[in-house]
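Visitor: Supplied structure: final_36.txt, compact mmCIF, C-alpha atoms and all ligand atoms.
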# COMPACT_ATOMS: atom_id res chain seq x y z
CA MET V 1 0.00 0.00 0.00
CA ALA V 2 2.71 2.46 0.99
CA ALA V 3 4.50 1.76 -2.30
CA LYS V 4 1.43 2.74 -4.32
CA ARG V 5 1.36 6.30 -3.10
CA PRO V 6 2.09 8.83 -5.83
CA ILE V 7 5.48 10.49 -5.45
CA ILE V 8 5.67 14.29 -5.53
CA ARG V 9 9.08 15.91 -5.92
CA LEU V 10 10.49 19.08 -4.46
CA LYS V 11 11.86 21.60 -6.92
CA PRO V 12 15.67 21.89 -6.87
CA ARG V 13 16.83 24.13 -4.02
CA GLU V 14 13.26 24.58 -2.75
CA GLY V 15 11.72 23.29 0.48
CA ARG V 16 14.53 24.20 2.85
CA ARG V 17 12.35 23.74 5.92
CA VAL V 18 10.84 20.39 4.94
CA ARG V 19 14.30 19.03 4.06
CA ALA V 20 15.43 20.05 7.55
CA GLY V 21 12.60 18.18 9.25
CA ALA V 22 9.56 20.46 9.14
CA PRO V 23 6.29 18.68 8.26
CA TRP V 24 5.07 21.11 5.56
CA ALA V 25 5.82 21.57 1.85
CA PHE V 26 4.29 24.65 0.22
CA SER V 27 2.67 24.58 -3.22
CA ASN V 28 5.43 26.74 -4.76
CA GLU V 29 8.11 24.31 -3.51
CA ILE V 30 6.91 21.20 -5.33
CA THR V 31 6.71 20.18 -9.01
CA MET V 32 3.04 20.53 -9.91
CA ASP V 33 2.61 18.80 -13.27
CA ALA V 34 -0.84 17.96 -14.66
CA ALA V 35 -0.87 14.52 -13.03
CA VAL V 36 -0.10 15.99 -9.60
CA LYS V 37 -2.66 18.76 -9.99
CA ALA V 38 -5.30 16.15 -10.84
CA LEU V 39 -4.86 14.24 -7.56
CA PRO V 40 -7.97 14.55 -5.39
CA PRO V 41 -7.59 16.73 -2.28
CA GLY V 42 -6.33 14.65 0.63
CA THR V 43 -4.56 11.94 -1.43
CA GLU V 44 -1.80 10.12 0.44
CA VAL V 45 1.55 10.81 -1.20
CA GLN V 46 5.28 10.41 -0.71
CA LEU V 47 7.43 13.53 -0.82
CA ALA V 48 10.82 13.12 -2.53
CA ASP V 49 13.71 15.45 -3.23
CA GLU V 50 14.63 16.36 -6.81
CA GLY V 51 16.85 13.27 -7.03
CA GLY V 52 13.98 10.96 -6.04
CA ALA V 53 15.09 10.20 -2.48
CA VAL V 54 11.88 9.95 -0.42
CA ILE V 55 11.63 12.33 2.55
CA GLY V 56 8.36 11.18 4.08
CA ALA V 57 4.74 10.13 3.71
CA GLY V 58 1.80 12.44 4.11
CA TYR V 59 -1.16 13.87 2.30
CA PHE V 60 -1.56 16.36 -0.49
CA ASN V 61 -4.07 19.03 -1.36
CA PRO V 62 -3.67 20.85 -4.71
CA LYS V 63 -6.03 23.58 -3.41
CA SER V 64 -4.00 24.44 -0.34
CA LEU V 65 -0.98 26.71 0.07
CA ILE V 66 0.42 24.13 2.49
CA ALA V 67 0.28 21.50 -0.26
CA ILE V 68 1.78 18.56 1.60
CA ARG V 69 1.67 17.74 5.29
CA LEU V 70 3.92 14.90 6.35
CA LEU V 71 2.74 12.33 8.88
CA ALA V 72 5.35 9.60 8.89
CA PRO V 73 8.57 8.10 7.54
CA PRO V 74 8.34 6.94 3.89
CA GLU V 75 7.23 3.31 4.25
CA THR V 76 4.75 3.78 7.12
CA LYS V 77 1.18 2.61 6.58
CA ILE V 78 -1.25 5.30 7.71
CA ASP V 79 -3.78 2.91 9.23
CA ARG V 80 -5.57 2.23 12.51
CA ASP V 81 -2.39 1.04 14.23
CA PHE V 82 -0.60 4.20 13.15
CA PHE V 83 -3.27 6.36 14.79
CA VAL V 84 -3.50 4.16 17.89
CA GLY V 85 0.26 4.61 18.36
CA LYS V 86 0.01 8.38 18.05
CA PHE V 87 -3.00 8.59 20.40
CA ARG V 88 -1.35 6.39 23.04
CA ARG V 89 1.76 8.54 22.96
CA ALA V 90 -0.31 11.73 23.21
CA LEU V 91 -2.33 10.28 26.08
CA GLY V 92 0.84 9.21 27.91
CA LEU V 93 2.17 12.75 27.73
CA ARG V 94 -1.07 14.21 29.15
CA THR V 95 -1.54 11.71 31.97
CA ARG V 96 2.01 12.48 33.11
CA PHE V 97 1.04 16.13 33.68
CA PHE V 98 -2.67 16.12 34.48
CA ASP V 99 -4.52 14.18 37.19
CA ARG V 100 -7.92 14.80 35.71
CA PRO V 101 -9.09 14.02 32.16
CA PHE V 102 -9.45 17.63 30.99
CA TYR V 103 -6.89 18.67 28.39
CA ARG V 104 -6.02 18.99 24.75
CA LEU V 105 -5.37 15.36 23.85
CA VAL V 106 -4.07 15.98 20.32
CA HIS V 107 -2.42 19.18 19.15
CA ALA V 108 -2.00 18.63 15.39
CA GLU V 109 1.64 18.74 14.18
CA GLY V 110 2.88 18.90 17.78
CA ASP V 111 1.54 15.36 18.27
CA GLY V 112 2.48 14.17 14.78
CA LEU V 113 -1.09 14.46 13.48
CA PRO V 114 -1.42 17.45 11.12
CA GLY V 115 -5.00 18.52 10.57
CA LEU V 116 -6.30 17.05 13.84
CA VAL V 117 -7.15 18.62 17.18
CA VAL V 118 -8.85 16.70 20.01
CA ASP V 119 -9.94 18.39 23.24
CA ARG V 120 -10.96 16.07 26.05
CA PHE V 121 -13.65 16.90 28.58
CA ASP V 122 -13.71 13.80 30.76
CA GLU V 123 -15.85 11.26 28.85
CA THR V 124 -16.36 13.53 25.84
CA CYS V 125 -13.85 14.21 23.07
CA VAL V 126 -14.38 17.22 20.82
CA VAL V 127 -12.59 16.54 17.54
CA GLN V 128 -11.65 19.13 14.91
CA VAL V 129 -10.52 18.01 11.48
CA THR V 130 -9.02 20.88 9.50
CA THR V 131 -7.52 19.34 6.33
CA ALA V 132 -8.77 17.28 3.39
CA GLY V 133 -6.15 14.63 4.14
CA MET V 134 -7.37 14.13 7.70
CA GLU V 135 -10.99 14.26 6.53
CA ARG V 136 -10.35 11.24 4.28
CA LEU V 137 -8.79 9.42 7.23
CA THR V 138 -11.60 10.30 9.66
CA ASP V 139 -13.18 6.83 10.00
CA THR V 140 -9.82 5.15 10.67
CA MET V 141 -8.86 7.93 13.05
CA LEU V 142 -12.12 7.71 15.04
CA ASP V 143 -11.81 3.94 15.27
CA ALA V 144 -8.31 4.36 16.71
CA LEU V 145 -9.44 7.09 19.14
CA ASP V 146 -11.98 4.64 20.47
CA ALA V 147 -9.32 1.97 20.92
CA ALA V 148 -6.85 4.32 22.65
CA ALA V 149 -9.08 6.54 24.82
CA ALA V 150 -12.56 4.93 24.77
CA PRO V 151 -14.55 8.18 25.10
CA GLN V 152 -18.31 7.88 25.65
CA ASN V 153 -19.08 10.78 23.35
CA VAL V 154 -17.22 12.05 20.31
CA ILE V 155 -18.30 15.32 18.74
CA LEU V 156 -16.97 16.27 15.32
CA ARG V 157 -16.67 20.03 15.50
CA ASN V 158 -15.88 20.49 11.83
CA ASP V 159 -16.92 24.10 11.40
CA THR V 160 -13.56 25.91 11.60
CA PRO V 161 -13.29 28.63 8.92
CA SER V 162 -9.91 27.25 7.75
CA ARG V 163 -11.70 24.19 6.33
CA ALA V 164 -12.89 26.31 3.41
CA LEU V 165 -9.25 26.79 2.33
CA GLU V 166 -9.02 23.01 2.02
CA GLY V 167 -12.26 22.78 0.04
CA LEU V 168 -14.12 21.18 2.94
CA ASP V 169 -17.68 21.82 4.07
CA SER V 170 -18.74 22.87 7.53
CA TYR V 171 -20.63 20.59 9.92
CA VAL V 172 -21.02 19.61 13.57
CA ARG V 173 -22.25 16.14 14.55
CA ALA V 174 -21.94 13.45 17.18
CA ALA V 175 -19.71 10.68 15.80
CA LYS V 176 -20.29 8.57 18.90
CA GLY V 177 -22.79 8.78 21.77
CA ALA V 178 -24.47 12.12 22.34
CA ALA V 179 -23.46 15.73 21.83
CA PRO V 180 -24.26 17.41 25.18
CA GLU V 181 -25.30 21.07 25.13
CA ARG V 182 -22.93 21.79 27.95
CA LEU V 183 -19.77 20.23 29.34
CA ALA V 184 -18.19 20.79 32.72
CA VAL V 185 -14.49 21.72 32.70
CA GLU V 186 -12.17 21.21 35.68
CA GLU V 187 -9.03 23.28 35.63
CA ASN V 188 -6.67 24.61 38.30
CA GLY V 189 -9.18 23.48 40.92
CA ALA V 190 -11.97 25.62 39.44
CA ARG V 191 -15.10 24.54 37.62
CA TYR V 192 -16.22 26.05 34.33
CA PHE V 193 -18.70 25.30 31.55
CA ALA V 194 -18.21 24.89 27.82
CA ASP V 195 -20.64 24.67 24.94
CA PRO V 196 -19.06 22.04 22.68
CA LYS V 197 -21.40 22.64 19.72
CA GLY V 198 -21.93 26.40 19.68
CA GLY V 199 -18.95 27.77 21.64
CA GLN V 200 -15.75 29.06 20.07
CA LYS V 201 -13.28 26.39 18.89
CA SER V 202 -13.98 23.22 20.89
CA GLY V 203 -15.82 25.24 23.53
CA TRP V 204 -12.82 25.84 25.78
CA TYR V 205 -9.31 27.29 25.46
CA TYR V 206 -7.11 24.85 27.32
CA ASP V 207 -3.97 26.63 26.09
CA GLN V 208 -4.19 29.34 28.78
CA ARG V 209 -4.37 26.96 31.76
CA ASP V 210 -0.92 27.79 33.22
CA ASN V 211 -1.27 31.49 32.46
CA ARG V 212 -4.61 31.60 34.28
CA LEU V 213 -2.94 30.19 37.37
CA ALA V 214 -0.02 32.63 37.05
CA LEU V 215 -2.45 35.54 36.91
CA ALA V 216 -4.52 34.20 39.81
CA GLN V 217 -1.39 34.20 41.96
CA LEU V 218 -1.28 38.02 41.61
CA ALA V 219 -4.97 38.44 42.40
CA LYS V 220 -5.28 38.39 46.19
CA GLY V 221 -7.07 41.55 47.29
CA ALA V 222 -6.84 43.02 43.78
CA ARG V 223 -9.36 44.85 41.64
CA LEU V 224 -9.07 42.79 38.49
CA LEU V 225 -10.04 43.32 34.85
CA ASP V 226 -10.35 40.36 32.48
CA ALA V 227 -10.74 41.79 28.98
CA TYR V 228 -11.82 39.28 26.31
CA CYS V 229 -12.90 36.96 29.11
CA TYR V 230 -14.80 34.35 27.02
CA SER V 231 -16.30 31.91 29.55
CA GLY V 232 -14.40 33.21 32.56
CA GLY V 233 -11.08 31.32 32.36
CA PHE V 234 -8.92 34.07 33.91
CA GLY V 235 -11.44 36.17 35.82
CA VAL V 236 -13.24 33.42 37.72
CA LEU V 237 -10.01 31.76 38.85
CA ALA V 238 -8.64 35.15 39.96
CA ALA V 239 -11.80 35.75 42.01
CA LYS V 240 -11.44 32.29 43.53
CA HIS V 241 -7.86 33.22 44.49
CA GLY V 242 -9.08 36.28 46.38
CA ALA V 243 -9.52 39.19 43.95
CA SER V 244 -11.65 41.76 45.79
CA GLU V 245 -13.62 42.42 42.59
CA ALA V 246 -13.36 41.02 39.09
CA THR V 247 -14.72 42.78 36.00
CA LEU V 248 -15.11 40.46 33.01
CA VAL V 249 -15.58 42.00 29.57
CA ASP V 250 -16.50 40.25 26.32
CA SER V 251 -18.55 41.04 23.22
CA SER V 252 -20.24 37.63 23.22
CA GLU V 253 -23.43 37.22 25.22
CA PRO V 254 -23.35 33.37 25.27
CA ALA V 255 -19.71 33.43 26.45
CA LEU V 256 -20.58 35.85 29.29
CA LYS V 257 -23.52 33.67 30.30
CA LEU V 258 -21.20 30.68 30.77
CA ALA V 259 -18.74 32.92 32.65
CA ALA V 260 -21.52 33.98 35.03
CA GLU V 261 -22.44 30.34 35.61
CA ALA V 262 -18.81 29.52 36.34
CA ALA V 263 -18.66 32.36 38.89
CA GLU V 264 -21.76 30.92 40.53
CA ALA V 265 -20.37 27.37 40.56
CA ASN V 266 -17.18 28.57 42.26
CA GLY V 267 -18.98 30.65 44.86
CA VAL V 268 -17.51 33.97 43.67
CA ALA V 269 -20.48 35.49 41.82
CA ALA V 270 -20.84 38.29 44.39
CA ARG V 271 -17.35 39.59 43.53
CA CYS V 272 -17.72 39.29 39.73
CA ARG V 273 -19.36 41.67 37.33
CA PHE V 274 -19.93 41.01 33.65
CA VAL V 275 -19.83 43.64 30.95
CA LYS V 276 -20.96 43.00 27.39
CA SER V 277 -18.88 45.41 25.32
CA ASP V 278 -16.21 45.84 22.73
CA ALA V 279 -13.02 45.62 24.78
CA PHE V 280 -11.38 48.74 23.30
CA GLU V 281 -14.53 50.74 24.05
CA ALA V 282 -14.59 49.40 27.61
CA LEU V 283 -10.92 50.37 28.10
CA GLU V 284 -11.64 53.84 26.81
CA ARG V 285 -14.62 54.19 29.13
CA PHE V 286 -12.61 53.07 32.18
CA ALA V 287 -9.89 55.58 31.29
CA ARG V 288 -12.46 58.38 30.96
CA GLU V 289 -13.98 57.46 34.32
CA GLU V 290 -10.47 57.31 35.80
CA LYS V 291 -11.18 53.78 36.98
CA LYS V 292 -8.05 51.81 37.95
CA PHE V 293 -7.39 48.09 38.27
CA ASP V 294 -4.60 46.40 40.20
CA VAL V 295 -4.40 43.51 37.74
CA VAL V 296 -5.41 43.56 34.06
CA VAL V 297 -5.36 40.69 31.57
CA CYS V 298 -6.07 41.10 27.85
CA ASP V 299 -6.43 37.91 25.81
CA PRO V 300 -7.91 39.05 22.49
CA PRO V 301 -8.84 36.98 19.43
CA PRO V 302 -6.04 36.82 16.83
CA PHE V 303 -5.40 40.36 15.54
CA ALA V 304 -3.32 38.94 12.67
CA PRO V 305 -5.24 35.88 11.47
CA SER V 306 -3.30 35.78 8.19
CA ARG V 307 0.13 36.87 7.03
CA LYS V 308 -1.16 39.96 5.27
CA ASP V 309 -2.60 41.23 8.59
CA VAL V 310 0.73 41.25 10.46
CA GLU V 311 1.30 45.03 10.36
CA ALA V 312 -2.29 45.97 11.20
CA GLY V 313 -2.30 43.29 13.89
CA ALA V 314 0.94 44.55 15.38
CA ARG V 315 -0.53 48.06 15.59
CA ALA V 316 -3.62 46.69 17.33
CA TYR V 317 -1.48 44.85 19.92
CA ARG V 318 0.45 48.09 20.55
CA ARG V 319 -2.76 50.07 20.98
CA LEU V 320 -4.19 47.46 23.34
CA ALA V 321 -1.00 47.53 25.44
CA ARG V 322 -1.15 51.32 25.58
CA MET V 323 -4.81 51.50 26.59
CA ALA V 324 -4.60 48.64 29.08
CA SER V 325 -1.50 49.96 30.84
CA ALA V 326 -3.17 53.37 31.21
CA ILE V 327 -5.76 51.91 33.61
CA VAL V 328 -3.40 49.78 35.71
CA ALA V 329 -3.06 51.20 39.23
CA PRO V 330 0.44 52.18 40.43
CA GLY V 331 2.34 49.02 41.36
CA GLY V 332 -0.15 46.85 39.46
CA PHE V 333 0.26 44.03 36.95
CA LEU V 334 -0.60 43.58 33.29
CA MET V 335 -0.76 40.33 31.32
CA LEU V 336 -0.97 40.63 27.53
CA ALA V 337 -1.60 37.61 25.33
CA SER V 338 -1.53 36.93 21.60
CA CYS V 339 -2.65 33.79 19.79
CA SER V 340 -1.68 35.07 16.31
CA TYR V 341 0.84 32.59 14.95
CA ASN V 342 1.80 35.14 12.30
CA VAL V 343 3.15 37.48 14.96
CA SER V 344 6.43 36.20 16.46
CA ARG V 345 7.29 36.31 20.16
CA GLU V 346 9.89 38.99 19.47
CA ARG V 347 7.50 41.17 17.52
CA PHE V 348 4.73 40.83 20.09
CA ALA V 349 7.08 41.73 22.95
CA LEU V 350 8.29 44.76 20.98
CA GLU V 351 4.75 46.02 20.34
CA CYS V 352 3.73 45.49 23.98
CA ALA V 353 6.80 47.38 25.21
CA ALA V 354 6.12 50.23 22.77
CA GLY V 355 2.47 50.48 23.84
CA ILE V 356 3.29 50.48 27.55
CA GLY V 357 5.97 53.12 26.93
CA ARG V 358 3.58 55.27 24.98
CA SER V 359 1.14 55.36 27.88
CA GLY V 360 3.94 56.90 29.93
CA ARG V 361 4.36 53.86 32.18
CA HIS V 362 7.51 52.02 33.18
CA ALA V 363 7.31 48.25 33.43
CA ALA V 364 9.38 45.18 34.20
CA LEU V 365 8.70 41.99 32.25
CA ILE V 366 8.27 39.41 35.00
CA ARG V 367 6.96 36.39 33.13
CA GLU V 368 7.07 35.18 29.55
CA ALA V 369 5.11 32.06 28.67
CA GLY V 370 3.25 30.18 25.98
CA ALA V 371 0.68 27.40 25.98
CA GLY V 372 0.64 24.53 28.46
CA THR V 373 2.22 21.10 28.04
CA ASP V 374 -0.91 19.73 26.38
CA HIS V 375 -0.10 21.97 23.40
CA PRO V 376 3.25 20.53 22.30
CA ALA V 377 4.98 22.43 19.49
CA HIS V 378 6.70 20.85 16.53
CA PRO V 379 10.33 21.92 17.03
CA MET V 380 10.76 22.73 13.32
CA LEU V 381 7.50 24.64 13.12
CA PRO V 382 7.54 27.88 15.12
CA GLU V 383 3.93 28.44 13.99
CA SER V 384 2.82 25.58 16.25
CA ALA V 385 3.96 27.57 19.31
CA TYR V 386 1.43 30.29 18.57
CA LEU V 387 0.51 31.51 22.06
CA LYS V 388 2.39 34.28 23.82
CA ALA V 389 1.57 35.63 27.29
CA LEU V 390 3.70 38.41 28.78
CA THR V 391 3.26 39.66 32.33
CA TYR V 392 4.52 43.07 33.40
CA ALA V 393 4.89 44.70 36.79
CA LEU V 394 4.15 48.39 36.36
CA ASP V 395 5.66 51.19 38.42
N1 LIG D 1 -9.50 34.74 27.81
C1 LIG D 1 -10.38 33.69 27.33
C2 LIG D 1 -10.24 33.43 25.85
C3 LIG D 1 -10.45 34.63 24.98
S1 LIG D 1 -10.82 34.24 23.32
C4 LIG D 1 -10.16 32.43 28.14
O1 LIG D 1 -9.37 32.44 29.10
O2 LIG D 1 -10.75 31.41 27.82
C5 LIG D 1 -11.21 35.81 22.68
C6 LIG D 1 -12.52 36.37 23.17
O3 LIG D 1 -12.64 37.68 22.64
C7 LIG D 1 -13.79 35.65 22.74
O4 LIG D 1 -14.53 35.32 23.87
C8 LIG D 1 -14.57 36.66 21.90
O5 LIG D 1 -15.96 36.61 22.11
C9 LIG D 1 -14.02 37.96 22.39
N2 LIG D 1 -14.06 39.10 21.49
C10 LIG D 1 -13.86 39.13 20.15
N3 LIG D 1 -13.89 40.39 19.70
C11 LIG D 1 -14.11 41.18 20.78
C12 LIG D 1 -14.24 42.59 20.98
N4 LIG D 1 -14.10 43.42 19.95
N5 LIG D 1 -14.44 43.05 22.22
C13 LIG D 1 -14.56 42.19 23.27
N6 LIG D 1 -14.45 40.87 23.14
C14 LIG D 1 -14.22 40.36 21.92
Could you quickly redo this structure as structure tokens?
Guide:
Amino acid sequence: MAAKRPIIRLKPREGRRVRAGAPWAFSNEITMDAAVKALPPGTEVQLADEGGAVIGAGYFNPKSLIAIRLLAPPETKIDRDFFVGKFRRALGLRTRFFDRPFYRLVHAEGDGLPGLVVDRFDETCVVQVTTAGMERLTDTMLDALDAAAAPQNVILRNDTPSRALEGLDSYVRAAKGAAPERLAVEENGARYFADPKGGQKSGWYYDQRDNRLALAQLAKGARLLDAYCYSGGFGVLAAKHGASEATLVDSSEPALKLAAEAAEANGVAARCRFVKSDAFEALERFAREEKKFDVVVCDPPPFAPSRKDVEAGARAYRRLARMASAIVAPGGFLMLASCSYNVSRERFALECAAGIGRSGRHAALIREAGAGTDHPAHPMLPESAYLKALTYALD
């Protein structure tokens, strides 16, 4: 079977990253003759160099800029056993770090499975397939997930916008068991709620787990602002750790509703207040009212979702840093996060520093972090380490 895969060759001197071990080959790096172009999206292929030496096995999509994603060494069969092996390895890594079954179980390239994300909420797995190649392998993959993790419910949350780039349709369905309206999340000793069908992404952002705890450790007795709070990840934990008052701002009504329920479930509702607003407008309003916060966290949606947005995104991060630092009380703390993989750590840190400076504040960078251990990065793919979270102590 492995031998029957079509072979696609790199152009001479192209594909520097994939030759060095990265799992992606871009469409401009490979020889696209008529036969290659005619391959259906998601076809399993072998990638070879210009001399014919095979680099690896993966899948191909003529419609995608990332034309080939590699999964395995050349002769590997991509079958149930292949997936079971990957899932067991991924599970082993998570159970080493987490006592309770709430984590990202599969983080795409970081776990050797491009095009696949699995978030686990106890007995329920929320699965996101983002490429044509993984879509074609879905039945085998789900069979293997069952063998490795035996979840009661499996929800296919295949409505990410990036699927359109792969020529895939958008759908959400239960692949096994039921698709509950609401899932409980346990994290850092707090209890939250996620909507696995209608919420953003899988319903929960596990990537900020460690950063939520780091922020909570600054929260005792503090007036805290959680801008872009989603379902309360930062704000509710901070209140549980003793914030005197927590203000949670988001533009999404359903997200705020879940945040309010989380506050209730953790016994901190009396110290939390929820504001439905654009975050920039809220920051402006607080500044006008001369309202100060001892701790502020800003965790916006990606300001640079694609490469062409990098400059505009960078300006938005700078503006957010400026406006947020303006309302931090003297001696307070500010955490700024970015999940734009198109904006590097260095660039993000530069924009944050410039924004803080422009508000006339002096700051010390006291913590620099990314996503938690359940979001492993592919070492040759800086894009897979997309999350940045910088914490500053302000004068
Ligand atoms: N901090 C959250 C995750 C934030 S995700 C956590 O810990 O889980 C980004 C959030 O920004 C989403 O909840 C989204 O609804 C919200 N959002 C998007 N645009 C916004 C805007 N202009 N103003 C306020 N919130 C916005």
Visitor: Taking 2 positions as the minimum chain separation for residues in the same chain, which residues sit within 12 Å of Arg5 (chain V) when counting all atoms listed in the file? Answer as a list in words.
Guide: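 Residues near the query, excluding close chain neighbours: Met1, Ala2, Ala3, Ile7, Ile8, Val36, Leu39, Gly42, Thr43, Glu44, Val45, Gln46, Leu47, Ala48, Val54, Gly56, Ala57, Gly58, Tyr59, Phe60, Pro74, Glu75, Thr76, Lys77 and Ile78 of chain V.
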Visitor: Return as an MDAnalysis selection string every polymer residue, whether protein, DNA or RNA, with at least one atom no more than 6 Å from an atom of ligand LIG 1 (chain D); count all atoms listed in the file.
Guide: chainID V and resid 205 228:231 233:234 250:252 277:279 299:301
Visitor: Would you mind reading off the distance between CA of Arg120 (chain V) and CA of Arg104 (chain V), one decimal, in Å?
Guide: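 Straight-line distance from CA of Arg120 (chain V) to CA of Arg104 (chain V) works out to 5.9 Å.
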Visitor: Give me the residues near Ser202 (chain V) as number ranges by chain, where near means some atom within 7 Å (using only C-alpha atoms) and where sequence neighbours in that chain fewer than 4 positions away do not count.
Guide: V: 119, 126, 157, 196
Visitor: What gap, in Å, lies between CA of Arg307 (chain V) and CA of Val343 (chain V)?
Guide: 8.5 Å
Visitor: Using all atoms listed in the file, which of the listed residues (V:Tyr103, V:Phe333, V:Tyr341, V:Phe97) sits closest to Leu218 (chain V)?
Guide: V:Phe333
Visitor: Can you pull out every residue within 8 Å of Ala260 (chain V), counting only C-alpha atoms, but drop anything in the same chain fewer than 5 positions away, and send it as a list in words?
Guide: Ser231, Gly232, Ala269 and Phe274 of chain V
Visitor: Filtering to C-alpha atoms, could you give me those residues as a tab-separated table (two decimals), keeping the file's coordinate frame?
Guide:
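New file again_39.tsv:
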chain	number	residue	atom	x	y	z
V	231	SER	CA	-16.30	31.91	29.55
V	232	GLY	CA	-14.40	33.21	32.56
V	269	ALA	CA	-20.48	35.49	41.82
V	274	PHE	CA	-19.93	41.01	33.65
Visitor: Would you work out the distance separating CA of His241 (chain V) from CA of Glu186 (chain V), expressed in Å to one decimal?
Guide: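 If I compute the distance from CA of His241 (chain V) to CA of Glu186 (chain V), I get 15.5 Å.
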Visitor: Taking only C-alpha atoms into account, name the residue in V:Asp33, V:Ala349, V:Ser340, V:Ala132 that is nearest to Glu383 (chain V).
Guide: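 Ranked by minimum distance to Glu383 (chain V), first place goes to V:Ser340.
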Visitor: Using all atoms listed in the file, which residues sit within 12 Å of Ile155 (chain V) once same-chain residues fewer than 3 positions away are excluded, as a PyMOL selection string?
Guide: chain V and resi 117-121+123-129+142+151-152+158-159+171-181+183+195-198+202-203
Visitor: Anything within 12 Å of (-4.9, 36.7, 20.3): list those residues as a ChimeraX atom specification, counting only C-alpha atoms and sticking to the file's coordinates.
Guide: /V:205,207-208,227-229,297-305,313-314,316-317,320,336-344,348,370,386-389
